[in-house]
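> What follows is a structure written as structure tokens; I'll ask about it next.
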Amino acid sequence: CPGGATLKIDHASPVLPCPAHSSSSAGQSACICGEGYWGFARGNPASCKPCPRGQYCPGDGQAFNCPSGKVANAEQTGCVDAPRRPPRPQHCLAGYHRVADGSCQFNCPRGWVPNDTNDGCVGAS
């Protein structure tokens, strides 16, 4: 068959176009889902669905998880480096104190003041 078309399963039927988001190459008898889509790579017609969230679909009808430290690109056709989280400040700004989750919170409780490094509170004297 010419590229972009496929045969019916019984091979005696006329050539049919591949469904949306799939294609075939000359000589193939099945449609294959394109990049960003996954589904049955064999059979007629192919059933191509958008790539599952968080995975990538390279164009062979399959969906894969990205390796550690990588995330799927916007098109879900491959993996890219995961964004890095900005580092937390070592010290809180004046008037703030560090709380249990590591973030900085404005002002200390009544009767307390930020310590010298602004990463905790000490009793007011």
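A note on labels: chains of the structure tokens are A, B, ... as shown, every chain counts residues from 1, and ligands are counted from 1 in their shown order.
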Do a neighbour search on range 78-85 of chain A at 9 Å with only C-alpha atoms, toss out local chain neighbours closer than 4 positions, and write the hits as a PyMOL selection string.
chain A and resi 35-36+55-58+65-74
> May I have the residues from that selection written out with N, CA and C atoms, as an mmCIF file, in the first residue's frame?

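The resulting file, out-v1.cif, is shown below:
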data_model
loop_
_atom_site.group_PDB
_atom_site.id
_atom_site.type_symbol
_atom_site.label_atom_id
_atom_site.label_comp_id
_atom_site.auth_asym_id
_atom_site.auth_seq_id
_atom_site.Cartn_x
_atom_site.Cartn_y
_atom_site.Cartn_z
ATOM 1 N N GLU A 35 3.586 10.457 16.826
ATOM 2 C CA GLU A 35 4.149 11.048 18.035
ATOM 3 C C GLU A 35 3.071 11.768 18.835
ATOM 4 N N GLY A 36 3.114 11.590 20.175
ATOM 5 C CA GLY A 36 2.149 12.227 21.055
ATOM 6 C C GLY A 36 0.853 11.446 21.198
ATOM 7 N N GLN A 55 3.365 10.957 30.620
ATOM 8 C CA GLN A 55 4.136 9.991 29.850
ATOM 9 C C GLN A 55 4.499 10.595 28.500
ATOM 10 N N TYR A 56 5.335 9.888 27.735
ATOM 11 C CA TYR A 56 5.649 10.340 26.387
ATOM 12 C C TYR A 56 5.371 9.215 25.404
ATOM 13 N N CYS A 57 5.007 9.602 24.194
ATOM 14 C CA CYS A 57 4.659 8.657 23.136
ATOM 15 C C CYS A 57 5.500 9.001 21.910
ATOM 16 N N PRO A 58 6.550 8.199 21.629
ATOM 17 C CA PRO A 58 7.497 8.549 20.570
ATOM 18 C C PRO A 58 7.030 8.290 19.144
ATOM 19 N N ASN A 65 7.035 5.949 30.570
ATOM 20 C CA ASN A 65 7.394 6.888 31.627
ATOM 21 C C ASN A 65 8.788 7.412 31.343
ATOM 22 N N CYS A 66 9.045 8.661 31.702
ATOM 23 C CA CYS A 66 10.384 9.227 31.567
ATOM 24 C C CYS A 66 11.269 8.683 32.687
ATOM 25 N N PRO A 67 12.582 8.591 32.442
ATOM 26 C CA PRO A 67 13.484 8.149 33.505
ATOM 27 C C PRO A 67 13.562 9.178 34.634
ATOM 28 N N SER A 68 14.111 8.766 35.743
ATOM 29 C CA SER A 68 14.251 9.640 36.905
ATOM 30 C C SER A 68 14.969 10.935 36.521
ATOM 31 N N GLY A 69 14.465 12.063 37.017
ATOM 32 C CA GLY A 69 15.063 13.364 36.733
ATOM 33 C C GLY A 69 14.591 13.985 35.433
ATOM 34 N N LYS A 70 13.694 13.305 34.735
ATOM 35 C CA LYS A 70 13.168 13.805 33.461
ATOM 36 C C LYS A 70 11.639 13.873 33.531
ATOM 37 N N VAL A 71 11.056 14.721 32.695
ATOM 38 C CA VAL A 71 9.605 14.829 32.563
ATOM 39 C C VAL A 71 9.269 14.874 31.076
ATOM 40 N N ALA A 72 8.031 14.557 30.728
ATOM 41 C CA ALA A 72 7.600 14.608 29.331
ATOM 42 C C ALA A 72 7.592 16.054 28.846
ATOM 43 N N ASN A 73 7.998 16.259 27.600
ATOM 44 C CA ASN A 73 7.939 17.605 27.030
ATOM 45 C C ASN A 73 6.474 17.992 26.790
ATOM 46 N N ALA A 74 6.239 19.239 26.405
ATOM 47 C CA ALA A 74 4.872 19.748 26.242
ATOM 48 C C ALA A 74 4.081 18.945 25.210
#
> For Gly34 in chain A, work out the shell of residues within 8 Å, counting only C-alpha atoms and skipping chain neighbours fewer than 4 positions away, then give it as an MDAnalysis selection string.
chainID A and resid 21:23 38 58:61
> Range 39-98 of chain A: which residues are strand (DSSP E) by DSSP, as a list in words?
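Answer for range 39-98 of chain A restricted to strand (DSSP E) is Gly39, Cys48, Lys49, Pro50, Gln55, Tyr56, Phe64, Asn65, Lys70, Val71, Ala72, Cys79, Val80, Asp81, Tyr96, His97 and Arg98 of chain A.
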> CA of Ser103 in chain A to CA of Gly54 in chain A: how many Å, to one decimal?
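Computing the Euclidean distance for CA of Ser103 in chain A and CA of Gly54 in chain A yields 28.4 Å.
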> For Tyr37 in chain A, please output as a list of chain:residue names all residues within 6 Å (counting only C-alpha atoms; exclusion window: fewer than 6 positions along the same chain).
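My list of contacting residues is A:Cys48, A:Lys49, A:Pro50, A:Cys51, A:Cys57.
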> Output the selection as an mmCIF file, in the first residue's frame - all heavy atoms for each residue.

data_model
loop_
_atom_site.group_PDB
_atom_site.id
_atom_site.type_symbol
_atom_site.label_atom_id
_atom_site.label_comp_id
_atom_site.auth_asym_id
_atom_site.auth_seq_id
_atom_site.Cartn_x
_atom_site.Cartn_y
_atom_site.Cartn_z
ATOM 1 N N CYS A 48 -5.919 5.511 18.040
ATOM 2 C CA CYS A 48 -4.897 6.392 18.602
ATOM 3 C C CYS A 48 -5.519 7.420 19.531
ATOM 4 O O CYS A 48 -6.425 8.149 19.136
ATOM 5 C CB CYS A 48 -4.134 7.092 17.480
ATOM 6 S SG CYS A 48 -3.288 5.920 16.388
ATOM 7 N N LYS A 49 -5.020 7.449 20.754
ATOM 8 C CA LYS A 49 -5.514 8.370 21.774
ATOM 9 C C LYS A 49 -4.374 9.288 22.186
ATOM 10 O O LYS A 49 -3.208 8.922 22.066
ATOM 11 C CB LYS A 49 -5.990 7.581 22.992
ATOM 12 C CG LYS A 49 -7.098 6.603 22.681
ATOM 13 C CD LYS A 49 -7.413 5.769 23.927
ATOM 14 C CE LYS A 49 -8.386 4.685 23.594
ATOM 15 N NZ LYS A 49 -7.812 3.376 23.441
ATOM 16 N N PRO A 50 -4.697 10.490 22.711
ATOM 17 C CA PRO A 50 -3.629 11.361 23.199
ATOM 18 C C PRO A 50 -2.801 10.642 24.261
ATOM 19 O O PRO A 50 -3.318 9.840 25.038
ATOM 20 C CB PRO A 50 -4.377 12.553 23.804
ATOM 21 C CG PRO A 50 -5.689 12.579 23.079
ATOM 22 C CD PRO A 50 -6.018 11.120 22.811
ATOM 23 N N CYS A 51 -1.523 10.924 24.271
ATOM 24 C CA CYS A 51 -0.603 10.295 25.217
ATOM 25 C C CYS A 51 -1.073 10.548 26.655
ATOM 26 O O CYS A 51 -1.507 11.655 26.979
ATOM 27 C CB CYS A 51 0.792 10.896 25.010
ATOM 28 S SG CYS A 51 2.109 9.898 25.690
ATOM 29 N N CYS A 57 5.007 9.602 24.194
ATOM 30 C CA CYS A 57 4.659 8.657 23.136
ATOM 31 C C CYS A 57 5.500 9.001 21.910
ATOM 32 O O CYS A 57 5.230 9.995 21.227
ATOM 33 C CB CYS A 57 3.162 8.744 22.823
ATOM 34 S SG CYS A 57 2.128 8.346 24.250
#
> To one decimal place in Å, what is the distance between CA of Gly27 in chain A and CA of Thr77 in chain A?
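Calculated distance between CA of Gly27 in chain A and CA of Thr77 in chain A is 25.3 Å.
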> Tell me which protein, DNA and RNA residues are within 10 Å of range 96-101 of chain A, counting only C-alpha atoms, leaving out same-chain ones fewer than 2 positions away, and put them as a ChimeraX atom specification.
/A:90-94,103-109,113-115,117-121
> Put those residues in a file: N, CA and C atoms, as a compact mmCIF listing (two decimals), in the first residue's frame.

# COMPACT_ATOMS: atom_id res chain seq x y z
N GLN A 90 19.07 30.71 52.80
CA GLN A 90 19.72 30.20 54.01
C GLN A 90 19.17 30.90 55.25
N HIS A 91 18.90 32.17 55.11
CA HIS A 91 18.40 32.95 56.24
C HIS A 91 17.15 33.70 55.81
N CYS A 92 16.27 33.91 56.75
CA CYS A 92 15.07 34.69 56.46
C CYS A 92 15.41 36.18 56.52
N LEU A 93 14.65 36.97 55.81
CA LEU A 93 14.84 38.41 55.84
C LEU A 93 14.46 38.98 57.21
N ALA A 94 14.96 40.16 57.51
CA ALA A 94 14.65 40.81 58.79
C ALA A 94 13.14 40.91 58.97
N SER A 103 9.91 27.34 55.44
CA SER A 103 9.65 28.65 54.83
C SER A 103 9.82 29.76 55.86
N CYS A 104 9.86 30.98 55.38
CA CYS A 104 10.00 32.14 56.26
C CYS A 104 8.62 32.75 56.51
N GLN A 105 8.35 33.07 57.75
CA GLN A 105 7.05 33.64 58.13
C GLN A 105 7.29 35.00 58.79
N PHE A 106 6.46 35.96 58.43
CA PHE A 106 6.62 37.31 58.95
C PHE A 106 6.29 37.35 60.44
N ASN A 107 7.13 38.03 61.18
CA ASN A 107 6.97 38.27 62.61
C ASN A 107 6.94 37.00 63.44
N CYS A 108 7.40 37.13 64.65
CA CYS A 108 7.39 36.04 65.61
C CYS A 108 6.16 36.18 66.50
N PRO A 109 5.80 35.09 67.18
CA PRO A 109 4.66 35.18 68.08
C PRO A 109 4.87 36.26 69.15
N VAL A 113 11.07 37.52 69.37
CA VAL A 113 11.67 38.31 68.29
C VAL A 113 12.54 37.37 67.45
N PRO A 114 12.78 37.74 66.17
CA PRO A 114 13.67 36.91 65.36
C PRO A 114 15.07 36.86 65.97
N ASN A 115 15.74 35.70 65.87
CA ASN A 115 17.12 35.60 66.36
C ASN A 115 18.06 36.33 65.42
N THR A 117 20.12 35.42 63.15
CA THR A 117 20.19 34.97 61.75
C THR A 117 18.82 34.92 61.09
N ASN A 118 17.79 35.36 61.77
CA ASN A 118 16.42 35.39 61.26
C ASN A 118 15.90 34.01 60.84
N ASP A 119 16.40 32.94 61.47
CA ASP A 119 15.89 31.63 61.13
C ASP A 119 15.17 30.97 62.32
N GLY A 120 14.79 31.75 63.28
CA GLY A 120 14.06 31.29 64.44
C GLY A 120 13.70 32.47 65.33
N CYS A 121 13.02 32.19 66.42
CA CYS A 121 12.60 33.23 67.34
C CYS A 121 13.23 33.00 68.72
> Taking only C-alpha atoms into account, which of A:Ser47, A:Ser29, A:Ser24, A:Gln62 comes nearest Gln76 in chain A?
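Of A:Ser47, A:Ser29, A:Ser24, A:Gln62, the one nearest Gln76 in chain A is A:Gln62, counting only C-alpha atoms.
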